[in-house]
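Undergrad: So here's input.txt, just compact mmCIF, C-alpha atoms:
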# COMPACT_ATOMS: atom_id res chain seq x y z
CA MET A 1 0.00 0.00 0.00
CA LYS A 2 1.35 3.40 -0.98
CA TYR A 3 0.51 6.19 1.45
CA VAL A 4 0.48 9.91 0.79
CA ILE A 5 2.40 12.00 3.33
CA THR A 6 1.71 15.73 3.23
CA PRO A 7 3.50 18.09 5.66
CA LEU A 8 1.42 20.80 7.31
CA PHE A 9 3.45 23.56 5.74
CA ALA A 10 2.06 22.26 2.43
CA LEU A 11 -1.44 21.96 3.88
CA GLY A 12 -1.57 25.49 5.31
CA PHE A 13 -3.09 27.62 2.61
CA ALA A 14 -3.18 31.31 2.19
CA ALA A 15 -4.80 34.00 0.18
CA ASN A 16 -2.91 34.43 -3.02
CA LEU A 17 -3.42 37.64 -4.95
CA PHE A 18 -2.46 35.89 -8.15
CA ALA A 19 -4.74 32.88 -7.62
CA GLN A 20 -7.04 31.49 -10.23
CA ALA A 21 -10.52 32.96 -10.54
CA PRO A 22 -13.20 31.33 -8.37
CA LEU A 23 -15.36 28.60 -9.82
CA TRP A 24 -18.39 30.26 -8.23
CA ASP A 25 -18.79 33.85 -6.97
CA LEU A 26 -21.89 35.21 -5.24
CA SER A 27 -21.23 38.68 -6.67
CA LYS A 28 -21.28 37.38 -10.25
CA ASP A 29 -23.10 34.05 -10.48
CA GLN A 30 -26.83 33.60 -10.29
CA ILE A 31 -28.28 31.30 -7.65
CA PRO A 32 -30.43 28.62 -9.34
CA ALA A 33 -34.12 28.98 -8.47
CA GLU A 34 -34.27 25.47 -7.03
CA LEU A 35 -31.54 26.40 -4.54
CA LEU A 36 -33.43 29.40 -3.11
CA HIS A 37 -35.55 28.57 -0.07
CA GLY A 38 -37.98 30.69 1.91
CA ALA A 39 -37.76 34.47 1.64
CA THR A 40 -34.04 34.55 0.97
CA ARG A 41 -33.41 37.90 -0.64
CA ALA A 42 -30.72 40.31 -1.76
CA ALA A 43 -30.29 43.58 0.13
CA ASN A 44 -27.46 46.13 0.16
CA GLY A 45 -25.28 43.86 -1.92
CA ALA A 46 -25.72 40.90 0.44
CA MET A 47 -27.93 37.82 0.65
CA ILE A 48 -30.10 37.70 3.77
CA VAL A 49 -30.53 34.26 5.35
CA GLY A 50 -31.84 33.04 8.70
CA GLY A 51 -34.66 30.96 10.09
CA ASP A 52 -36.00 28.82 7.27
CA HIS A 53 -34.49 31.10 4.62
CA TYR A 54 -31.34 29.82 2.96
CA PHE A 55 -29.73 29.25 -0.41
CA GLY A 56 -27.31 26.89 -2.08
CA VAL A 57 -24.22 26.86 -4.29
CA PRO A 58 -24.60 24.30 -7.10
CA THR A 59 -22.60 21.08 -7.13
CA THR A 60 -20.89 22.20 -10.36
CA ALA A 61 -18.74 24.48 -8.19
CA PHE A 62 -17.05 21.36 -6.76
CA PRO A 63 -15.57 19.34 -9.62
CA ASP A 64 -12.91 17.95 -7.27
CA GLN A 65 -14.49 17.28 -3.88
CA LYS A 66 -11.16 16.55 -2.21
CA ASN A 67 -9.54 19.82 -3.26
CA PHE A 68 -11.38 23.14 -2.96
CA THR A 69 -11.48 26.33 -0.91
CA ILE A 70 -14.54 28.23 0.33
CA GLN A 71 -14.39 31.83 1.51
CA VAL A 72 -17.52 33.42 2.98
CA THR A 73 -18.13 36.72 4.79
CA VAL A 74 -21.08 36.87 7.19
CA SER A 75 -22.43 39.47 9.62
CA PHE A 76 -25.34 39.45 12.05
CA PRO A 77 -27.60 42.55 12.22
CA GLU A 78 -28.81 41.44 15.65
CA LEU A 79 -27.66 38.89 18.21
CA THR A 80 -30.23 36.71 19.96
CA GLU A 81 -29.21 34.40 22.79
CA ASP A 82 -29.04 30.64 22.26
CA THR A 83 -29.11 30.76 18.48
CA SER A 84 -26.98 29.13 15.81
CA LEU A 85 -26.41 29.37 12.08
CA ASN A 86 -24.94 26.78 9.76
CA VAL A 87 -23.00 29.24 7.65
CA LEU A 88 -21.85 26.33 5.49
CA LEU A 89 -23.38 22.86 5.16
CA LYS A 90 -22.57 20.28 2.51
CA GLN A 91 -24.13 17.10 3.78
CA HIS A 92 -26.72 14.60 2.59
CA ALA A 93 -30.28 15.59 3.42
CA ASP A 94 -30.86 12.29 5.23
CA GLY A 95 -28.10 13.15 7.69
CA GLU A 96 -25.58 10.67 6.32
CA ASP A 97 -22.17 11.28 7.84
CA THR A 98 -20.43 12.82 4.85
CA GLY A 99 -19.21 16.26 3.87
CA LEU A 100 -18.49 19.37 5.88
CA GLY A 101 -19.99 22.43 7.48
CA LEU A 102 -19.38 25.37 9.79
CA THR A 103 -21.74 26.45 12.56
CA CYS A 104 -21.80 29.80 14.37
CA MET A 105 -23.20 29.54 17.91
CA TYR A 106 -24.15 32.38 20.26
CA GLY A 107 -25.80 32.19 23.66
CA LYS A 108 -25.72 31.88 27.40
CA THR A 109 -27.08 28.36 27.79
CA ASN A 110 -23.74 26.79 26.93
CA ASN A 111 -21.85 30.05 27.44
CA TRP A 112 -20.69 29.54 23.87
CA LYS A 113 -19.65 32.28 21.56
CA VAL A 114 -17.93 30.05 19.07
CA TYR A 115 -17.81 28.61 15.60
CA ARG A 116 -17.61 24.85 15.17
CA PRO A 117 -16.40 22.79 12.21
CA ILE A 118 -18.58 19.93 10.97
CA ILE A 119 -16.69 17.04 9.36
CA ASN A 120 -18.49 13.89 8.20
CA GLY A 121 -21.46 14.77 10.40
CA MET A 122 -19.33 15.46 13.49
CA HIS A 123 -19.07 18.80 15.25
CA ILE A 124 -15.36 18.85 16.06
CA GLY A 125 -14.03 21.32 18.60
CA ALA A 126 -15.12 24.87 19.28
CA ASN A 127 -13.23 28.04 18.33
CA GLY A 128 -13.93 31.28 20.17
CA ILE A 129 -15.34 34.29 18.34
CA LYS A 130 -16.28 37.70 19.76
CA TYR A 131 -19.64 38.37 18.17
CA GLU A 132 -20.54 42.00 17.55
CA PRO A 133 -23.64 43.13 15.63
CA ASN A 134 -23.13 44.24 12.03
CA THR A 135 -19.50 43.11 12.10
CA PRO A 136 -18.23 41.10 9.13
CA TYR A 137 -16.49 37.79 9.79
CA THR A 138 -14.67 36.03 6.97
CA PHE A 139 -14.34 32.26 7.19
CA THR A 140 -12.08 30.20 4.96
CA VAL A 141 -12.43 26.43 4.65
CA ALA A 142 -9.51 24.89 2.77
CA VAL A 143 -9.71 21.26 1.66
CA ARG A 144 -6.61 19.61 0.24
CA GLY A 145 -6.36 15.88 -0.33
CA GLY A 146 -9.45 15.41 1.81
CA SER A 147 -7.91 17.16 4.83
CA VAL A 148 -9.85 20.20 6.10
CA ALA A 149 -8.48 23.40 7.64
CA TYR A 150 -10.65 26.22 9.06
CA TYR A 151 -9.77 29.91 9.43
CA LEU A 152 -11.51 33.01 10.81
CA ASN A 153 -10.22 36.32 9.46
CA ASP A 154 -7.00 34.46 8.48
CA ALA A 155 -6.51 33.12 12.02
CA PRO A 156 -6.12 29.31 12.00
CA GLY A 157 -8.99 27.48 13.66
CA GLY A 158 -7.64 23.97 13.40
CA LYS A 159 -6.70 21.30 10.87
CA HIS A 160 -8.61 18.07 11.05
CA PHE A 161 -7.26 14.67 10.15
CA THR A 162 -10.39 12.75 9.45
CA LEU A 163 -10.64 11.97 5.76
CA LEU A 164 -13.49 14.03 4.32
CA LEU A 165 -16.13 11.81 2.73
CA PRO A 166 -17.47 13.62 -0.36
CA ASN A 167 -21.09 13.83 -1.49
CA ASP A 168 -23.01 15.24 -4.43
CA GLU A 169 -25.04 17.77 -2.42
CA PRO A 170 -25.02 21.55 -3.00
CA LEU A 171 -23.25 23.81 -0.52
CA TRP A 172 -26.07 25.24 1.59
CA ILE A 173 -25.76 28.66 3.22
CA GLY A 174 -27.86 29.14 6.36
CA LYS A 175 -29.68 25.79 6.27
CA LYS A 176 -30.71 24.18 9.56
CA LEU A 177 -28.94 20.95 10.44
CA LEU A 178 -31.28 19.78 13.20
CA PRO A 179 -35.01 20.49 13.72
CA ARG A 180 -34.45 21.69 17.30
CA GLU A 181 -31.99 24.40 16.28
CA LYS A 182 -32.99 27.99 16.95
CA PRO A 183 -31.31 29.85 14.08
CA PHE A 184 -30.14 33.45 14.02
CA PRO A 185 -33.11 35.62 12.97
CA ALA A 186 -31.04 37.07 10.15
CA ALA A 187 -27.52 36.95 8.78
CA GLU A 188 -26.00 38.84 5.86
CA ILE A 189 -23.75 36.99 3.42
CA SER A 190 -21.80 39.79 1.74
CA ALA A 191 -19.25 37.62 -0.08
CA LEU A 192 -18.98 33.97 -1.05
CA LYS A 193 -16.43 32.37 -3.36
CA VAL A 194 -15.59 28.77 -4.15
CA TYR A 195 -12.17 27.99 -5.62
CA GLY A 196 -10.94 24.82 -7.25
CA ALA A 197 -7.86 22.65 -6.87
CA ASP A 198 -5.55 25.22 -8.47
CA PHE A 199 -6.13 27.81 -5.71
CA GLU A 200 -3.75 27.97 -2.76
CA TYR A 201 -4.61 29.78 0.47
CA LYS A 202 -1.90 30.66 3.01
CA SER A 203 -2.72 32.44 6.23
CA PRO A 204 -0.32 35.28 7.12
CA LYS A 205 -1.15 34.54 10.78
CA GLU A 206 -0.14 30.90 10.59
CA LYS A 207 3.11 29.77 12.15
CA PHE A 208 4.83 26.58 11.09
CA SER A 209 6.86 24.34 13.34
CA ALA A 210 10.40 23.32 12.53
CA GLU A 211 9.12 19.77 12.95
CA PRO A 212 5.61 19.99 11.51
CA ARG A 213 3.01 17.29 11.94
CA ALA A 214 1.80 15.62 8.78
CA ALA A 215 -1.06 13.78 7.17
CA ILE A 216 -0.60 10.10 6.32
CA ALA A 217 -3.53 9.09 4.13
CA ALA A 218 -4.89 6.43 1.82
CA LYS A 219 -8.25 6.03 0.13
CA LYS A 220 -10.59 6.06 3.15
CA TRP A 221 -8.49 7.11 6.12
CA MET A 222 -6.12 9.81 7.29
CA LEU A 223 -3.81 9.96 10.30
CA ASP A 224 -2.32 13.06 11.91
CA ALA A 225 1.33 12.09 12.31
CA PRO A 226 4.40 13.62 13.98
CA THR A 227 7.70 14.29 12.29
CA ILE A 228 10.13 11.54 13.30
CA VAL A 229 13.51 12.78 14.49
CA ASP A 230 14.30 9.98 16.97
CA PRO A 231 13.71 6.53 15.43
CA ASN A 232 14.00 4.87 18.86
CA ARG A 233 11.11 6.77 20.42
CA PRO A 234 7.93 4.67 20.95
CA LYS A 235 4.91 5.27 18.73
CA LEU A 236 1.33 5.58 19.97
CA LEU A 237 -1.95 5.80 18.04
CA PHE A 238 -5.15 7.17 19.56
CA TYR A 239 -8.41 6.59 17.67
CA GLY A 240 -11.86 8.03 18.27
CA ASP A 241 -14.45 10.64 17.29
CA SER A 242 -14.68 14.29 18.38
CA ILE A 243 -14.02 13.31 22.02
CA SER A 244 -10.50 12.35 20.95
CA GLY A 245 -10.20 15.81 19.41
CA GLY A 246 -11.04 17.22 22.84
CA TYR A 247 -8.45 15.36 24.89
CA ARG A 248 -5.82 15.73 22.17
CA GLN A 249 -5.05 19.27 23.42
CA HIS A 250 -3.78 17.76 26.69
CA LEU A 251 -2.37 14.49 25.37
CA LEU A 252 0.07 15.78 22.76
CA PRO A 253 1.93 18.19 25.10
CA ALA A 254 2.05 15.54 27.85
CA LEU A 255 3.69 13.00 25.54
CA GLU A 256 6.01 15.41 23.75
CA GLY A 257 9.63 14.29 23.79
CA LYS A 258 8.67 10.86 25.18
CA VAL A 259 6.27 9.22 22.73
CA TYR A 260 5.33 9.95 19.13
CA ALA A 261 1.55 10.28 19.17
CA TYR A 262 -0.50 9.67 16.00
CA HIS A 263 -4.18 10.63 15.86
CA TRP A 264 -6.97 9.06 13.81
CA ILE A 265 -10.36 10.79 14.10
CA HIS A 266 -12.78 8.13 12.92
CA PHE A 267 -15.77 6.08 14.03
CA VAL A 268 -17.96 3.21 12.86
CA GLY A 269 -21.44 4.71 12.70
CA GLY A 270 -23.38 1.65 11.57
CA ILE A 271 -23.22 -2.07 12.17
CA ASP A 272 -20.28 -3.21 10.06
CA PRO A 273 -18.64 -6.57 10.88
CA LYS A 274 -16.30 -6.11 7.88
CA VAL A 275 -14.74 -2.81 8.97
CA ASP A 276 -11.59 -4.68 10.04
CA SER A 277 -9.95 -4.36 6.61
CA LEU A 278 -10.08 -0.54 6.69
CA ILE A 279 -8.83 -0.37 10.26
CA ALA A 280 -6.03 -2.85 9.55
CA GLU A 281 -4.80 -0.76 6.64
CA ALA A 282 -4.56 2.41 8.72
CA ALA A 283 -3.10 0.60 11.73
CA ALA A 284 -0.23 -0.59 9.53
CA ALA A 285 0.78 2.97 8.61
CA ALA A 286 3.47 2.97 11.33
CA LYS A 287 4.95 0.43 13.72
CA PHE A 288 2.85 1.33 16.75
CA ASP A 289 3.84 0.17 20.21
CA ILE A 290 0.49 0.99 21.78
CA ILE A 291 -3.00 1.83 20.43
CA PHE A 292 -5.85 3.44 22.37
CA PHE A 293 -9.26 3.22 20.70
CA ASN A 294 -12.92 4.02 21.27
CA ASN A 295 -15.82 4.15 18.81
CA GLY A 296 -17.66 6.92 20.64
CA LEU A 297 -21.17 8.36 20.80
CA HIS A 298 -21.78 7.96 17.08
CA SER A 299 -22.83 4.46 18.14
CA LEU A 300 -25.98 5.89 19.76
CA SER A 301 -27.91 4.59 16.75
CA TRP A 302 -27.27 1.06 18.08
CA THR A 303 -30.61 0.86 19.88
CA PRO A 304 -32.23 -2.53 20.61
CA GLU A 305 -34.58 -1.93 17.68
CA LYS A 306 -31.71 -1.38 15.22
CA ALA A 307 -28.89 -3.54 16.56
CA THR A 308 -28.87 -6.77 18.52
CA ASP A 309 -26.29 -7.51 21.18
CA GLU A 310 -24.69 -9.98 18.77
CA GLN A 311 -24.44 -7.37 15.98
CA ILE A 312 -22.82 -4.86 18.32
CA ALA A 313 -20.38 -7.50 19.54
CA ASP A 314 -19.53 -8.57 15.98
CA THR A 315 -18.79 -4.98 14.90
CA THR A 316 -16.74 -4.37 18.04
CA ARG A 317 -14.77 -7.57 17.39
CA ALA A 318 -14.14 -6.37 13.83
CA ILE A 319 -12.64 -3.15 15.18
CA VAL A 320 -10.36 -5.13 17.50
CA ARG A 321 -9.50 -7.59 14.73
CA GLY A 322 -8.55 -4.72 12.43
CA PHE A 323 -6.10 -3.23 14.93
CA LYS A 324 -4.62 -6.65 15.72
CA THR A 325 -4.17 -7.45 12.04
CA GLY A 326 -2.64 -4.11 11.08
CA ALA A 327 -0.49 -3.71 14.21
CA PRO A 328 0.16 -7.19 15.66
CA GLN A 329 3.06 -5.84 17.70
CA ALA A 330 0.98 -3.16 19.44
CA LYS A 331 -0.55 -3.28 22.90
CA LEU A 332 -4.29 -2.55 22.43
CA ILE A 333 -6.24 -0.61 25.06
CA TRP A 334 -9.94 0.14 24.75
CA ILE A 335 -11.35 3.35 26.23
CA THR A 336 -14.96 3.17 27.43
CA THR A 337 -17.50 5.43 25.75
CA THR A 338 -18.17 8.67 27.62
CA PRO A 339 -21.65 9.35 29.08
CA HIS A 340 -24.50 10.88 27.13
CA THR A 341 -25.54 13.87 29.23
CA ALA A 342 -28.61 16.04 29.56
CA ARG A 343 -28.59 19.50 28.08
CA ARG A 344 -27.99 22.41 30.40
CA ALA A 345 -31.31 22.96 32.19
CA GLU A 346 -30.88 26.71 32.68
CA PRO A 347 -28.44 29.35 31.47
CA ASP A 348 -25.27 29.58 33.53
CA LYS A 349 -26.08 26.38 35.46
CA PRO A 350 -24.02 23.20 35.12
CA VAL A 351 -25.32 19.94 33.74
CA ASP A 352 -26.66 17.81 36.58
CA ALA A 353 -28.16 14.74 34.88
CA LEU A 354 -27.37 11.98 32.44
CA GLY A 355 -29.09 12.08 29.06
CA ASP A 356 -32.03 10.01 27.86
CA LYS A 357 -29.72 8.04 25.54
CA ASN A 358 -27.25 7.10 28.24
CA VAL A 359 -28.82 3.63 28.56
CA ILE A 360 -27.50 3.00 25.03
CA VAL A 361 -24.00 4.00 26.15
CA GLN A 362 -24.22 1.65 29.13
CA ARG A 363 -25.34 -1.20 26.88
CA ILE A 364 -22.54 -0.60 24.36
CA ASN A 365 -19.94 -0.38 27.12
CA ARG A 366 -21.21 -3.60 28.68
CA ILE A 367 -21.05 -5.51 25.39
CA ALA A 368 -17.71 -4.00 24.40
CA GLU A 369 -16.19 -4.79 27.78
CA GLN A 370 -17.10 -8.46 27.34
CA VAL A 371 -15.57 -8.47 23.84
CA MET A 372 -12.37 -6.95 25.23
CA LYS A 373 -12.14 -9.62 27.93
CA GLU A 374 -12.60 -12.37 25.35
CA ASP A 375 -10.02 -10.83 23.01
CA GLY A 376 -7.48 -10.03 25.72
CA VAL A 377 -7.70 -6.24 25.34
CA GLU A 378 -7.16 -4.07 28.39
CA THR A 379 -9.71 -1.37 29.30
CA ILE A 380 -9.48 2.19 30.60
CA ASP A 381 -12.73 3.27 32.25
CA VAL A 382 -13.40 6.95 31.62
CA TYR A 383 -17.18 6.54 31.80
CA THR A 384 -17.28 6.22 35.61
CA PRO A 385 -15.21 9.31 36.54
CA LEU A 386 -17.02 11.52 34.03
CA ALA A 387 -20.46 10.27 35.07
CA ALA A 388 -19.51 11.44 38.57
CA LYS A 389 -18.50 14.89 37.29
CA LEU A 390 -21.44 15.95 35.12
CA GLU A 391 -20.74 19.58 35.97
CA LEU A 392 -17.79 19.28 33.55
CA ALA A 393 -20.08 18.47 30.62
CA ALA A 394 -20.29 21.03 27.81
CA GLY A 395 -24.08 21.07 27.91
CA ASP A 396 -24.69 19.89 24.32
CA GLU A 397 -25.34 16.24 25.37
CA TYR A 398 -22.10 14.88 23.91
CA HIS A 399 -19.00 16.94 24.62
CA TRP A 400 -17.04 18.04 27.67
CA SER A 401 -15.02 20.91 29.07
CA SER A 402 -11.23 21.04 29.13
CA PRO A 403 -10.90 19.68 32.72
CA ALA A 404 -12.89 16.59 31.71
CA TYR A 405 -10.72 16.02 28.67
CA LYS A 406 -7.67 16.27 30.92
CA ILE A 407 -9.05 13.40 33.01
CA ILE A 408 -9.10 11.22 29.88
CA SER A 409 -5.66 12.42 28.78
CA ASP A 410 -4.14 11.77 32.22
CA ALA A 411 -5.48 8.21 32.17
CA ILE A 412 -3.94 7.58 28.75
CA VAL A 413 -0.60 9.11 29.76
CA THR A 414 -0.44 7.07 32.96
CA LYS A 415 -1.18 3.83 31.13
CA SER A 416 1.28 4.70 28.35
CA MET A 417 4.11 5.30 30.80
CA GLU A 418 3.29 2.01 32.51
CA VAL A 419 3.14 -0.07 29.32
CA LEU A 420 6.17 1.55 27.71
CA LYS A 421 8.13 1.58 31.00
CA LEU A 422 8.80 5.31 30.77
CA LYS A 423 8.93 7.98 33.45
Starting from the coordinates I provided, produce the structure as structure tokens.
TA:
Amino acid sequence: MKYVITPLFALGFAANLFAQAPLWDLSKDQIPAELLHGATRAANGAMIVGGDHYFGVPTTAFPDQKNFTIQVTVSFPELTEDTSLNVLLKQHADGEDTGLGLTCMYGKTNNWKVYRPIINGMHIGANGIKYEPNTPYTFTVAVRGGSVAYYLNDAPGGKHFTLLLPNDEPLWIGKKLLPREKPFPAAEISALKVYGADFEYKSPKEKFSAEPRAAIAAKKWMLDAPTIVDPNRPKLLFYGDSISGGYRQHLLPALEGKVYAYHWIHFVGGIDPKVDSLIAEAAAAAKFDIIFFNNGLHSLSWTPEKATDEQIADTTRAIVRGFKTGAPQAKLIWITTTPHTARRAEPDKPVDALGDKNVIVQRINRIAEQVMKEDGVETIDVYTPLAAKLELAAGDEYHWSSPAYKIISDAIVTKSMEVLKLK
């Protein structure tokens, strides 16, 4: 298998005055009638979206769905608490986990004034933004080789090493993702351009490390990898969904200089007893000494009506089998799935209850734990300590605050030092 290795200094993209013309430009191209919804209208040189009013950029603007750049400028005439807006959304209408998006969130309930990337149906991370009324914010989403980087006013907002799964949907501007969302009453889109594979964007605010991390990728997977300067240093892989993106901020600094840490943001959303071949291919990308893995809350669809205990066990065994096949030399350690929590009951009050789907988490953990015992895989229990500290939950049912992610990171670091006999 031939892998593609792309250093971050080649992935960081920046506005180029001499770049090719955009493939689609809001100021010049007409929006097809079938992509106008509600009372979306033009005013003062901008398109007004919000509520059930949104528009789309046609699929013809994306001839290469692994290589493109989107730049959009949005402002909010008024700010209403506990509202959100999917500035960008390119995802199947049935909610299939493909494509990308970008959500602006404002409110007191979660104390969030942030924008959040969406990758393959996952909200990954949260980047702070100081919302002011009638203030333009320019977002850039740069996709190269299936790897996605987000920027706000040229400031880097994170690169994400989950391989973007393309789809044939339009790029929607202002469309609701979930029925329960309370969207901004109005937002003005004053500029929107889509560039093709020949456009390169480089942020003047981006700094590059002397030893940059890199993307190791094949057809359906992508790992975030360190630059190897010491061939004798142990190698670790941690695998999971957006929760792994949360504890990464603590894990990488804690392991720096001791262990090379690779990161694979991925999950098995449906019952798939044949997923082992994909996992084995990625697990063979480096000679890992230790692998931590967890499938995460994207397994909440595994309800008794949709998945039997046997089906869940078979898929879990396939995940284990994949890691064992691809990295037979590695010590495997399973991390229990974190609790599903209730939403914040009142603004400025912490979460104080588990969520209505937590019984699914408990069932999955119970079945997975039995599989791990049968397959000789050690377990780290992060469910129990987090269930006892619900006040550390983010309030969105799924994610957690930085102190909670540090609890997970500390557990991984402690186990790594023990297994690898390091101090």
Undergrad: Name the closest residue to Glu397 (chain A) among the candidates A:Leu300, A:Ile364, A:Val141, A:Met372; distances are taken between atoms, counting only C-alpha atoms.
TA: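 Nearest candidate to Glu397 (chain A) out of A:Leu300, A:Ile364, A:Val141, A:Met372: A:Leu300.
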Undergrad: Residues within 7 Å of Arg116 (chain A), please, as a PDB file with C-alpha atoms, in the coordinates of the input. Count only C-alpha atoms; anything in the same chain fewer than 3 positions from it doesn't count.
TA:
ATOM      1  CA  LEU A 102     -19.380  25.370   9.790  1.00  0.00           C
ATOM      2  CA  THR A 103     -21.740  26.450  12.560  1.00  0.00           C
ATOM      3  CA  CYS A 104     -21.800  29.800  14.370  1.00  0.00           C
ATOM      4  CA  HIS A 123     -19.070  18.800  15.250  1.00  0.00           C
ATOM      5  CA  ILE A 124     -15.360  18.850  16.060  1.00  0.00           C
ATOM      6  CA  GLY A 125     -14.030  21.320  18.600  1.00  0.00           C
ATOM      7  CA  ALA A 126     -15.120  24.870  19.280  1.00  0.00           C
ATOM      8  CA  ASN A 127     -13.230  28.040  18.330  1.00  0.00           C
TER       9      ASN A 127
END
Undergrad: List the spatial neighbours of region 311-328 of chain A as a ChimeraX atom specification - criterion: any atom at most 7 Å away, only C-alpha atoms, same-chain residues fewer than 5 positions off excluded.
TA: /A:271-277,279-281,283-284,287-288,367-368,371
Undergrad: So for region 114-123 of chain A, what box centre and size do we get, axis-aligned, 3 Å extra on each of the six sides, every listed atom, Å to one decimal, as AutoDock Vina command-line options?
TA:
--center_x -18.9 --center_y 22.0 --center_z 13.6 --size_x 11.1 --size_y 22.2 --size_z 16.9
Undergrad: In file coordinates, which residues lie within 9 Å of (-2.6, 2.6, 18.9) using only C-alpha atoms, given as a list in words?
TA: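 Using only C-alpha atoms, the matching residues come out as Lys235, Leu236, Leu237, Phe238, Tyr239, Ala261, Tyr262, His263, Ala283, Phe288, Asp289, Ile290, Ile291, Phe292, Phe293, Phe323, Ala327, Ala330, Lys331, Leu332 and Ile333 of chain A.
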Undergrad: Name the residues in contact with Asp64 (chain A) at a cut-off of 10 Å, using all atoms listed in the file, excluding same-chain residues fewer than 5 positions from it; report them as number ranges by chain.
TA: A: 144-145, 166, 196-197
Undergrad: Provide the CA of Val87 (chain A) to CA of Lys175 (chain A) distance in Å, to one decimal place.
TA: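 We find that CA of Val87 (chain A) and CA of Lys175 (chain A) lie 7.6 Å from each other.
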Undergrad: Would you please work out which residue, of A:Leu177, A:Val72, A:Leu35, A:Leu89, is nearest to Thr140 (chain A) when using all atoms listed in the file?
TA: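 Nearest to Thr140 (chain A): A:Val72.
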